[in-house]
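Structure file final04.tsv; described as TSV, C-alpha atoms.
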chain	number	residue	atom	x	y	z
A	27	MET	CA	0.50	-31.74	-44.89
A	28	MET	CA	-2.66	-32.43	-43.03
A	29	ILE	CA	-5.66	-30.37	-44.02
A	30	LEU	CA	-7.74	-29.03	-41.15
A	31	HIS	CA	-11.10	-30.69	-41.25
A	32	PRO	CA	-14.02	-28.31	-40.60
A	33	ALA	CA	-15.21	-30.60	-37.83
A	34	GLU	CA	-11.88	-30.21	-36.02
A	35	LEU	CA	-12.19	-26.43	-36.19
A	36	GLY	CA	-15.68	-26.66	-34.78
A	37	PHE	CA	-14.47	-29.00	-32.06
A	38	ALA	CA	-11.66	-26.59	-31.12
A	39	VAL	CA	-14.07	-23.64	-30.92
A	40	ARG	CA	-16.52	-25.64	-28.84
A	41	LYS	CA	-13.73	-26.74	-26.51
A	42	ALA	CA	-12.55	-23.17	-26.05
A	43	LEU	CA	-16.10	-22.01	-25.34
A	44	ALA	CA	-16.63	-24.87	-22.90
A	45	ASP	CA	-13.37	-23.99	-21.08
A	46	TRP	CA	-14.46	-20.37	-20.74
A	47	GLY	CA	-17.86	-21.43	-19.53
A	48	TYR	CA	-16.39	-23.83	-16.99
A	49	GLY	CA	-14.02	-21.12	-15.74
A	50	ALA	CA	-16.83	-18.61	-15.39
A	51	ARG	CA	-19.00	-21.16	-13.56
A	52	LEU	CA	-16.16	-22.05	-11.16
A	53	PHE	CA	-15.51	-18.35	-10.51
A	54	ALA	CA	-19.18	-17.74	-9.76
A	55	GLN	CA	-19.20	-20.72	-7.37
A	56	LEU	CA	-16.10	-19.42	-5.56
A	57	VAL	CA	-17.68	-15.97	-5.23
A	58	MET	CA	-20.82	-17.56	-3.77
A	59	LEU	CA	-18.67	-19.55	-1.33
A	60	SER	CA	-16.62	-16.56	-0.18
A	61	GLY	CA	-18.98	-15.70	2.67
A	62	ALA	CA	-18.75	-19.20	4.14
A	63	CYS	CA	-15.02	-19.23	3.48
A	64	LEU	CA	-14.31	-15.97	5.30
A	65	LYS	CA	-16.12	-17.33	8.36
A	66	ARG	CA	-13.36	-19.92	8.68
A	67	PHE	CA	-10.67	-17.28	8.58
A	68	ALA	CA	-7.92	-19.57	9.88
A	69	LEU	CA	-7.78	-21.24	6.46
A	70	VAL	CA	-7.49	-17.87	4.71
A	71	ARG	CA	-4.86	-16.77	7.22
A	72	ASP	CA	-2.71	-19.80	6.45
A	73	GLN	CA	-2.95	-19.01	2.74
A	74	VAL	CA	-2.03	-15.34	3.30
A	75	HIS	CA	0.96	-16.68	5.21
A	76	PHE	CA	1.90	-19.08	2.43
A	77	LEU	CA	1.28	-16.70	-0.50
A	78	GLY	CA	2.18	-13.39	1.11
A	79	ASN	CA	4.91	-13.89	3.69
A	80	TYR	CA	6.97	-16.21	1.53
A	81	SER	CA	6.74	-13.79	-1.45
A	82	LEU	CA	7.84	-10.83	0.64
A	83	ALA	CA	11.56	-11.42	0.13
A	84	ILE	CA	11.47	-11.62	-3.67
A	85	ILE	CA	9.09	-8.64	-3.85
A	86	THR	CA	11.26	-6.48	-1.60
A	87	VAL	CA	14.50	-7.28	-3.42
A	88	SER	CA	12.93	-6.80	-6.87
A	89	GLY	CA	11.33	-3.53	-5.80
A	90	LEU	CA	14.62	-2.24	-4.50
A	91	PHE	CA	16.46	-2.98	-7.74
A	92	VAL	CA	13.66	-1.65	-9.94
A	93	GLY	CA	13.86	1.56	-7.88
A	94	PHE	CA	17.65	1.70	-8.30
A	95	VAL	CA	17.38	1.33	-12.07
A	96	LEU	CA	14.53	3.85	-12.33
A	97	GLY	CA	16.64	6.33	-10.37
A	98	LEU	CA	19.66	5.88	-12.64
A	99	GLN	CA	17.82	5.82	-15.96
A	100	GLY	CA	15.42	8.57	-14.96
A	101	TYR	CA	18.28	10.83	-13.91
A	102	TYR	CA	20.14	10.11	-17.15
A	103	THR	CA	17.17	11.26	-19.25
A	104	LEU	CA	15.97	14.11	-17.03
A	105	GLN	CA	19.32	15.82	-16.60
A	106	ARG	CA	19.48	16.34	-20.38
A	107	TYR	CA	16.55	18.71	-20.03
A	108	GLY	CA	17.76	20.21	-16.78
A	109	ALA	CA	14.85	18.62	-14.93
A	110	ALA	CA	16.73	16.33	-12.56
A	111	ASP	CA	14.65	17.72	-9.67
A	112	ALA	CA	11.62	15.90	-11.10
A	113	LEU	CA	13.34	12.54	-10.52
A	114	GLY	CA	11.21	11.81	-7.45
A	115	LEU	CA	8.03	12.43	-9.42
A	116	LEU	CA	9.16	10.17	-12.25
A	117	VAL	CA	10.14	7.32	-9.94
A	118	ALA	CA	6.98	7.55	-7.81
A	119	LEU	CA	4.51	7.88	-10.69
A	120	SER	CA	6.00	5.02	-12.71
A	121	LEU	CA	6.07	2.76	-9.67
A	122	VAL	CA	2.68	3.59	-8.19
A	123	ARG	CA	0.74	3.62	-11.46
A	124	GLU	CA	2.31	0.92	-13.59
A	125	LEU	CA	5.44	-0.88	-12.50
A	126	GLY	CA	4.38	-1.65	-8.94
A	127	PRO	CA	1.09	-3.43	-9.73
A	128	VAL	CA	2.35	-5.14	-12.90
A	129	VAL	CA	5.79	-6.35	-11.79
A	130	ALA	CA	4.49	-7.43	-8.39
A	131	ALA	CA	1.68	-9.38	-10.12
A	132	LEU	CA	4.13	-11.03	-12.55
A	133	LEU	CA	6.41	-12.04	-9.68
A	134	PHE	CA	3.39	-13.25	-7.72
A	135	ALA	CA	2.28	-15.34	-10.72
A	136	GLY	CA	5.70	-16.96	-10.89
A	137	ARG	CA	6.26	-17.35	-7.17
A	138	ALA	CA	2.81	-18.07	-5.73
A	139	GLY	CA	0.58	-18.86	-8.73
A	140	ALA	CA	2.82	-21.68	-9.90
A	141	SER	CA	2.90	-23.25	-6.44
A	142	ILE	CA	-0.91	-23.06	-6.14
A	143	THR	CA	-1.33	-24.80	-9.50
A	144	ALA	CA	1.24	-27.48	-8.66
A	145	GLU	CA	-0.30	-28.08	-5.24
A	146	ILE	CA	-3.86	-28.45	-6.48
A	147	GLY	CA	-2.77	-30.39	-9.55
A	148	LEU	CA	-1.00	-32.87	-7.31
A	149	MET	CA	-4.07	-33.09	-5.08
A	150	ARG	CA	-6.06	-33.88	-8.21
A	151	ALA	CA	-3.47	-36.46	-9.36
A	152	GLY	CA	-3.35	-38.06	-5.91
A	153	GLU	CA	-7.17	-38.16	-5.85
A	154	GLN	CA	-7.17	-36.15	-2.65
A	155	LEU	CA	-9.88	-33.86	-4.05
A	156	THR	CA	-12.05	-36.90	-4.75
A	157	ALA	CA	-11.33	-38.19	-1.24
A	158	LEU	CA	-12.52	-34.89	0.22
A	159	GLU	CA	-15.73	-35.16	-1.79
A	160	MET	CA	-16.21	-38.71	-0.50
A	161	MET	CA	-16.01	-37.32	3.04
A	162	ALA	CA	-18.71	-34.77	2.12
A	163	VAL	CA	-16.20	-31.94	2.32
A	164	ASP	CA	-16.55	-29.50	-0.55
A	165	PRO	CA	-13.05	-29.09	-2.01
A	166	LYS	CA	-14.09	-25.76	-3.50
A	167	LEU	CA	-14.89	-24.45	-0.04
A	168	ARG	CA	-12.04	-26.15	1.77
A	169	ILE	CA	-9.23	-25.85	-0.81
A	170	LEU	CA	-9.99	-23.33	-3.57
A	171	ALA	CA	-11.83	-20.45	-1.89
A	172	PRO	CA	-9.26	-19.85	0.91
A	173	ARG	CA	-6.48	-19.68	-1.68
A	174	LEU	CA	-8.43	-17.19	-3.79
A	175	TRP	CA	-8.96	-14.96	-0.76
A	176	GLY	CA	-5.37	-15.38	0.34
A	177	GLY	CA	-4.21	-14.11	-3.06
A	178	ILE	CA	-6.71	-11.23	-3.06
A	179	ILE	CA	-5.48	-10.09	0.36
A	180	ALA	CA	-1.78	-10.71	-0.22
A	181	LEU	CA	-1.14	-9.15	-3.64
A	182	PRO	CA	-2.26	-5.55	-2.91
A	183	LEU	CA	-0.13	-5.55	0.25
A	184	LEU	CA	2.84	-6.93	-1.69
A	185	THR	CA	2.29	-4.28	-4.37
A	186	ALA	CA	2.33	-1.52	-1.76
A	187	VAL	CA	5.57	-2.92	-0.34
A	188	PHE	CA	7.05	-3.13	-3.85
A	189	SER	CA	6.20	0.50	-4.68
A	190	ALA	CA	7.35	1.84	-1.31
A	191	VAL	CA	10.65	-0.03	-1.42
A	192	GLY	CA	11.11	1.04	-5.05
A	193	ILE	CA	10.68	4.71	-4.12
A	194	LEU	CA	13.24	4.26	-1.35
A	195	GLY	CA	15.57	2.64	-3.91
A	196	GLY	CA	15.09	5.60	-6.26
A	197	TYR	CA	15.84	7.89	-3.31
A	198	ALA	CA	18.99	5.95	-2.47
A	199	VAL	CA	20.36	6.22	-6.00
A	200	GLY	CA	19.02	9.67	-6.89
A	201	VAL	CA	19.67	11.56	-3.68
A	202	LEU	CA	22.36	9.65	-1.80
A	203	LEU	CA	24.44	8.48	-4.78
A	204	ILE	CA	23.94	11.06	-7.54
A	205	GLY	CA	23.16	14.03	-5.35
A	206	VAL	CA	19.72	15.27	-6.45
A	207	ASP	CA	18.37	17.69	-3.87
A	208	ALA	CA	16.39	15.74	-1.27
A	209	GLY	CA	13.82	18.50	-0.70
A	210	ALA	CA	13.06	18.79	-4.41
A	211	PHE	CA	12.91	14.99	-4.73
A	212	TRP	CA	10.15	14.65	-2.13
A	213	SER	CA	8.26	17.88	-2.77
A	214	GLN	CA	8.01	17.34	-6.54
A	215	MET	CA	6.75	13.84	-5.77
A	216	GLN	CA	4.14	15.06	-3.33
A	217	ASN	CA	2.93	17.76	-5.71
A	218	GLY	CA	2.57	15.39	-8.62
A	219	VAL	CA	1.22	12.18	-7.08
A	220	ASP	CA	-2.44	12.12	-6.14
A	221	VAL	CA	-3.62	9.85	-3.31
A	222	PHE	CA	-6.79	8.66	-5.01
A	223	LYS	CA	-6.00	9.04	-8.70
A	224	ASP	CA	-2.54	7.48	-8.62
A	225	VAL	CA	-2.05	5.49	-5.41
A	226	GLY	CA	-5.71	4.45	-5.19
A	227	ASN	CA	-5.97	3.38	-8.81
A	228	GLY	CA	-2.71	1.45	-8.49
A	229	MET	CA	-4.21	-0.43	-5.53
A	230	ILE	CA	-7.39	-1.17	-7.51
A	231	LYS	CA	-5.21	-2.53	-10.31
A	232	SER	CA	-3.36	-4.83	-7.93
A	233	LEU	CA	-6.67	-6.05	-6.48
A	234	VAL	CA	-7.86	-6.99	-9.98
A	235	PHE	CA	-4.53	-8.67	-10.72
A	236	GLY	CA	-4.77	-10.56	-7.43
A	237	VAL	CA	-8.15	-11.99	-8.42
A	238	ALA	CA	-6.99	-12.81	-11.97
A	239	VAL	CA	-3.63	-14.42	-11.12
A	240	THR	CA	-4.94	-16.48	-8.22
A	241	PHE	CA	-8.06	-17.62	-10.03
A	242	ILE	CA	-6.15	-18.66	-13.16
A	243	ALA	CA	-3.69	-20.61	-10.99
A	244	LEU	CA	-6.58	-22.33	-9.18
A	245	LEU	CA	-8.44	-23.14	-12.38
A	246	GLN	CA	-5.37	-24.57	-14.11
A	247	GLY	CA	-4.60	-26.74	-11.08
A	248	TYR	CA	-8.22	-27.86	-10.71
A	249	VAL	CA	-8.60	-28.99	-14.33
A	250	ALA	CA	-5.06	-30.41	-14.65
A	251	GLN	CA	-4.64	-33.87	-16.17
A	252	PRO	CA	-3.98	-36.17	-13.20
A	253	THR	CA	-0.55	-37.25	-14.45
A	254	PRO	CA	2.97	-35.90	-13.78
A	255	GLU	CA	3.03	-34.43	-17.31
A	256	GLY	CA	-0.42	-32.96	-16.80
A	257	VAL	CA	0.65	-31.19	-13.61
A	258	ALA	CA	3.83	-29.94	-15.30
A	259	SER	CA	2.01	-28.49	-18.27
A	260	ALA	CA	-0.72	-27.05	-16.03
A	261	THR	CA	1.95	-25.19	-14.02
A	262	THR	CA	3.52	-23.81	-17.20
A	263	ARG	CA	0.15	-22.77	-18.59
A	264	SER	CA	-0.79	-21.13	-15.29
A	265	VAL	CA	2.28	-18.87	-15.34
A	266	VAL	CA	1.99	-18.07	-19.06
A	267	ILE	CA	-1.74	-17.33	-19.03
A	268	SER	CA	-1.69	-15.32	-15.83
A	269	SER	CA	1.32	-13.24	-16.94
A	270	LEU	CA	-0.31	-12.46	-20.27
A	271	SER	CA	-3.64	-11.63	-18.69
A	272	VAL	CA	-1.93	-9.31	-16.18
A	273	LEU	CA	-0.37	-7.39	-19.08
A	274	GLY	CA	-3.62	-7.33	-21.05
A	275	LEU	CA	-5.72	-6.31	-18.05
A	276	ASP	CA	-3.18	-3.63	-17.20
A	277	PHE	CA	-3.66	-2.04	-20.60
A	278	ILE	CA	-7.45	-2.10	-20.27
A	279	LEU	CA	-7.36	-0.72	-16.72
A	280	THR	CA	-4.89	2.01	-17.66
A	281	VAL	CA	-7.12	3.11	-20.52
A	282	MET	CA	-10.12	3.19	-18.18
A	283	MET	CA	-8.36	4.96	-15.30
A	284	PHE	CA	-5.86	7.39	-16.74
A	285	SER	CA	-7.11	8.38	-20.17
A	286	ILE	CA	-8.42	11.92	-20.03
B	13	MET	CA	-10.61	-19.49	17.75
B	14	GLN	CA	-7.50	-21.57	17.46
B	15	ARG	CA	-4.37	-19.42	17.64
B	16	SER	CA	-1.25	-20.47	15.85
B	17	LYS	CA	2.28	-19.34	15.13
B	18	ASN	CA	1.10	-18.18	11.71
B	19	ASP	CA	-1.01	-15.48	13.33
B	20	VAL	CA	2.08	-13.54	14.33
B	21	TRP	CA	3.73	-13.76	10.94
B	22	VAL	CA	0.58	-12.94	9.00
B	23	GLY	CA	-0.02	-10.04	11.37
B	24	LEU	CA	3.51	-8.82	10.72
B	25	PHE	CA	3.02	-9.15	6.97
B	26	VAL	CA	-0.24	-7.20	7.04
B	27	LEU	CA	1.41	-4.57	9.22
B	28	ILE	CA	4.31	-4.17	6.77
B	29	GLY	CA	1.84	-3.92	3.89
B	30	LEU	CA	-0.23	-1.27	5.66
B	31	ALA	CA	2.91	0.64	6.58
B	32	ALA	CA	3.84	0.66	2.88
B	33	VAL	CA	0.37	1.96	1.93
B	34	LEU	CA	0.71	4.66	4.59
B	35	PHE	CA	4.15	5.58	3.28
B	36	LEU	CA	2.78	5.88	-0.26
B	37	ALA	CA	-0.16	8.01	0.90
B	38	LEU	CA	1.72	10.33	3.24
B	39	LYS	CA	5.28	10.56	2.01
B	40	SER	CA	4.93	10.18	-1.74
B	41	ALA	CA	1.42	11.52	-2.33
B	42	ASN	CA	-0.51	14.50	-1.14
B	43	LEU	CA	-2.79	13.14	1.57
B	44	LEU	CA	-1.46	15.62	4.13
B	45	GLN	CA	-2.06	18.55	1.81
B	46	PHE	CA	-5.34	17.10	0.68
B	47	ASN	CA	-8.16	19.54	1.02
B	48	TRP	CA	-10.96	18.09	3.10
B	49	SER	CA	-12.59	21.46	3.72
B	50	LYS	CA	-15.53	22.66	1.67
B	51	ASP	CA	-15.25	24.95	-1.31
B	52	TYR	CA	-17.26	27.79	-2.74
B	53	THR	CA	-17.41	28.24	-6.48
B	54	VAL	CA	-17.02	31.50	-8.34
B	55	THR	CA	-16.89	31.99	-12.10
B	56	ALA	CA	-14.88	34.26	-14.33
B	57	LYS	CA	-14.65	34.88	-18.06
B	58	PHE	CA	-11.34	35.05	-19.86
B	59	ASP	CA	-10.62	36.14	-23.43
B	60	ASN	CA	-8.00	33.43	-23.71
B	61	ILE	CA	-7.05	30.80	-21.18
B	62	GLY	CA	-3.96	29.58	-23.02
B	63	GLY	CA	-3.03	26.16	-21.67
B	64	LEU	CA	-5.01	26.30	-18.44
B	65	LYS	CA	-6.39	22.90	-17.47
B	66	LYS	CA	-9.06	21.54	-15.18
B	67	GLY	CA	-7.53	20.96	-11.75
B	68	ALA	CA	-4.92	23.72	-12.09
B	69	ALA	CA	-4.09	25.64	-8.93
B	70	VAL	CA	-5.57	28.99	-7.94
B	71	LYS	CA	-2.91	30.90	-6.05
B	72	SER	CA	-2.85	34.10	-4.11
B	73	ALA	CA	0.57	35.46	-3.13
B	74	GLY	CA	1.94	32.10	-4.25
B	75	VAL	CA	-0.20	30.07	-1.83
B	76	VAL	CA	-2.69	27.56	-3.24
B	77	VAL	CA	-6.19	28.73	-2.26
B	78	GLY	CA	-8.28	26.67	-4.67
B	79	ARG	CA	-8.53	24.70	-7.89
B	80	VAL	CA	-9.92	25.22	-11.36
B	81	GLU	CA	-13.13	23.22	-11.28
B	82	ASN	CA	-14.41	23.49	-14.81
B	83	ILE	CA	-13.65	25.20	-18.10
B	84	GLN	CA	-16.35	25.83	-20.69
B	85	PHE	CA	-16.73	27.89	-23.82
B	86	ASP	CA	-19.41	30.56	-23.69
B	87	ASP	CA	-20.81	30.95	-27.21
B	88	GLU	CA	-22.60	34.22	-26.40
B	89	SER	CA	-19.61	36.30	-25.41
B	90	TYR	CA	-17.09	34.00	-27.16
B	91	GLN	CA	-15.04	33.80	-24.02
B	92	ALA	CA	-13.85	30.95	-21.83
B	93	LYS	CA	-15.97	30.49	-18.73
B	94	VAL	CA	-13.84	29.18	-15.87
B	95	SER	CA	-15.30	27.97	-12.56
B	96	LEU	CA	-12.94	28.23	-9.62
B	97	ALA	CA	-13.44	26.26	-6.40
B	98	LEU	CA	-11.98	28.39	-3.62
B	99	GLN	CA	-11.45	26.98	-0.13
B	100	ASN	CA	-13.99	28.14	2.42
B	101	ARG	CA	-11.40	29.37	4.88
B	102	TYR	CA	-10.15	32.02	2.46
B	103	ALA	CA	-12.31	35.05	1.69
B	104	PHE	CA	-11.58	37.54	-1.07
B	105	PRO	CA	-13.11	40.97	-1.74
B	106	LYS	CA	-15.70	41.21	-4.51
B	107	ASP	CA	-13.48	43.32	-6.77
B	108	SER	CA	-10.54	40.90	-6.73
B	109	SER	CA	-8.91	40.37	-10.11
B	110	LEU	CA	-7.72	37.22	-11.82
B	111	LYS	CA	-4.71	36.65	-14.00
B	112	ILE	CA	-3.49	33.52	-15.79
B	113	LEU	CA	0.17	33.03	-14.95
B	114	THR	CA	2.85	30.48	-15.70
B	115	SER	CA	5.04	28.91	-13.05
B	116	GLY	CA	8.59	29.08	-14.32
B	117	LEU	CA	9.52	29.54	-17.94
B	118	LEU	CA	7.93	26.35	-19.25
B	119	GLY	CA	5.89	25.33	-16.21
B	120	GLU	CA	2.17	24.72	-16.03
B	121	GLN	CA	-0.33	27.54	-15.96
B	122	TYR	CA	-2.31	28.60	-12.94
B	123	VAL	CA	-4.75	31.31	-11.95
B	124	GLY	CA	-3.42	34.12	-9.80
B	125	ILE	CA	-5.96	35.98	-7.68
B	126	LEU	CA	-5.14	39.50	-6.55
B	127	ALA	CA	-7.24	40.81	-3.68
B	128	GLY	CA	-9.20	44.03	-4.27
B	129	ALA	CA	-10.40	46.62	-1.77
B	130	ASP	CA	-14.17	46.03	-1.66
B	131	GLU	CA	-15.70	45.63	1.78
B	132	LYS	CA	-17.95	42.79	0.69
B	133	ASN	CA	-16.45	39.37	0.07
B	134	LEU	CA	-17.04	36.94	-2.77
B	135	VAL	CA	-19.75	34.37	-2.10
B	136	ALA	CA	-20.65	31.17	-3.93
B	137	GLY	CA	-21.99	31.80	-7.42
B	138	ASP	CA	-20.37	35.21	-7.83
B	139	SER	CA	-18.62	36.12	-11.01
B	140	ILE	CA	-15.35	37.98	-11.12
B	141	GLY	CA	-15.27	40.80	-13.66
B	142	SER	CA	-11.68	41.87	-14.04
B	143	THR	CA	-9.60	39.16	-15.65
B	144	GLN	CA	-6.38	39.12	-17.58
B	145	SER	CA	-5.79	36.48	-20.24
B	146	ALA	CA	-2.90	34.13	-20.57
B	147	VAL	CA	0.14	35.35	-22.43
B	148	VAL	CA	0.24	33.65	-25.82
B	149	LEU	CA	3.72	33.58	-27.25
B	150	GLU	CA	2.60	33.98	-30.89
B	151	ASN	CA	0.62	37.16	-30.08
B	152	LEU	CA	3.58	38.54	-28.19
B	153	ILE	CA	5.93	37.94	-31.13
B	154	SER	CA	3.55	39.41	-33.70
B	155	GLN	CA	3.02	42.48	-31.50
B	156	PHE	CA	6.76	42.89	-31.30
B	157	LEU	CA	7.17	42.55	-35.06
B	158	TYR	CA	4.36	45.03	-35.82
B	159	SER	CA	5.82	47.60	-33.46
B	160	LYS	CA	9.18	47.16	-35.19
B	161	ALA	CA	7.65	47.64	-38.62
B	162	ALA	CA	5.69	50.72	-37.51
B	163	ASP	CA	8.83	52.42	-36.23
B	164	PRO	CA	11.34	52.65	-39.14
B	165	ALA	CA	13.61	55.05	-37.23
B	166	ALA	CA	14.58	52.41	-34.71
B	167	PRO	CA	17.74	50.53	-35.67
B	168	SER	CA	16.80	47.02	-36.76
B	169	ALA	CA	18.91	44.02	-35.93
B	170	GLY	CA	20.15	43.53	-39.52
B	171	SER	CA	21.33	47.07	-40.28
B	172	LYS	CA	24.72	48.64	-39.72
Could you quickly redo this structure as structure tokens?
Amino acid sequence: MMILHPAELGFAVRKALADWGYGARLFAQLVMLSGACLKRFALVRDQVHFLGNYSLAIITVSGLFVGFVLGLQGYYTLQRYGAADALGLLVALSLVRELGPVVAALLFAGRAGASITAEIGLMRAGEQLTALEMMAVDPKLRILAPRLWGGIIALPLLTAVFSAVGILGGYAVGVLLIGVDAGAFWSQMQNGVDVFKDVGNGMIKSLVFGVAVTFIALLQGYVAQPTPEGVASATTRSVVISSLSVLGLDFILTVMMFSI
Amino acid sequence: MQRSKNDVWVGLFVLIGLAAVLFLALKSANLLQFNWSKDYTVTAKFDNIGGLKKGAAVKSAGVVVGRVENIQFDDESYQAKVSLALQNRYAFPKDSSLKILTSGLLGEQYVGILAGADEKNLVAGDSIGSTQSAVVLENLISQFLYSKAADPAAPSAGSK
């Protein structure tokens, strides 16, 4: 068995610190560039199209099925206590506060984050980023910043679609299939869900997730080893890290927003 | 600016997203019932507020007319001091009385306001004198038991 040399431990810590520092510096640069980037909105628009439109199908279908399952399972538990009328409230609150932002962000990390990392990693491997620099085009402004903004714009919209479709799915199962009273379903929901506290905070969550997922995908692609294996492992790391940070951030945000 | 085919699709995507936000705000949340009008605050002291919480409804004849704004403990009278934010469009006489009620058997508690007969209306900063505390189940049971014990003539459940 190999004994860990103190120097290796120190090297690992320094490498981790350096990675964090590099990430923070890149993020600061992208924030500084966002003004110039938003002036060339056509680039951002193409990224919204690539990240948002193409994710719409998977988000809609997942939202529908999550809503179906919430309707079934929620009814199963609630009817034991004679509270089946509160099904609408249960479905809407779980979707708007937690499931919508988190599941949409996880799907976005798998669907869009992975493709961002692969794309930029391949640009790195094919030395296209270097070529851009040689032509005095800043790859951060031309390549990274539009993708970051595309993700920030796309994910909250996708989350709203996910939650709305999920509520309709819960309605389909709860009201149309099982036969919960439609009036009670909607009125309980409207009484219990607050526009700013629940819907608004859910949107803020998805905005934060949009920044986190897209930036992690960009960073992993940008620092990928310029080899086929490097791009492959960067894509894997991008999905793993962004999924975990979505779950971790969700806990922190929930504590900040909803703890009384 | 250069227009492209993507414009249409991105526009459609943004439209669908905004429609979903609108659906969430209007159909599943309470934006339509949201109270944009101004409030006036009155206070009242209760011996016991039971499970009343900040944000609970203030209802008159079953209609929501305001919200519980704040609940504090007053260590001079040893009572709960409750501030109620009533909507400006509703006016109540000065001698109105308050009662803490429960919606349904196990529902949440709210404040019921019963209009009095005074000619003057409540204004901001007023305090309502006549209040009735929440019903606490333990007190109710002990009252019942004491009245049983005090009345030996009444047939108790175990006898006969």
For this session: Have a look at A:Ile278, A:Leu273, A:Ala208, A:Ala238 and name the one nearest to Ala50 in chain A; count all atoms listed in the file.
Result: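 Checking each of A:Ile278, A:Leu273, A:Ala208, A:Ala238 against Ala50 in chain A, counting all atoms listed in the file, the winner is A:Ala238.
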Exercise. Counting only C-alpha atoms, what is within 10 Å of range 70-81 of chain B, bar same-chain residues fewer than 3 positions away, as a VMD selection string?
Worked result: chain B and resid 47 51 to 55 64 to 67 94 to 104 110 to 113 115 121 to 127
Exercise. Hey, can you check how far CA of Leu30 in chain B sits from CA of Val187 in chain A?
Worked result: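 Pair CA of Leu30 in chain B / CA of Val187 in chain A returns 8.5 Å.
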Problem set entry | Interface, chain B side, toward chain A (8 Å; all atoms listed in the file) as a ChimeraX atom specification | /B:14,18-19,21-22,25-26,28-30,32-33,35-37,39-43
Problem set entry | Two-atom distance - CA of Lys57 in chain B, CA of Asp138 in chain B (Å) |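 A separation of 11.7 Å between them.
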All residues 10 Å or closer to Glu131 in chain B, all atoms listed in the file, same chain fewer than 4 positions away omitted, as a JSON list (two decimals) with C-alpha atoms, keeping the file's coordinate frame:
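selection-v3.json, freshly written:
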[["chain", "number", "residue", "atom", "x", "y", "z"],
["B", 104, "PHE", "CA", -11.58, 37.54, -1.07],
["B", 105, "PRO", "CA", -13.11, 40.97, -1.74],
["B", 106, "LYS", "CA", -15.70, 41.21, -4.51],
["B", 107, "ASP", "CA", -13.48, 43.32, -6.77]]
For this session: For CA of Gly274 in chain A and CA of Ala258 in chain A, quote the distance in Å rounded to one decimal.
Result: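 Interatomic distance here is 24.5 Å.
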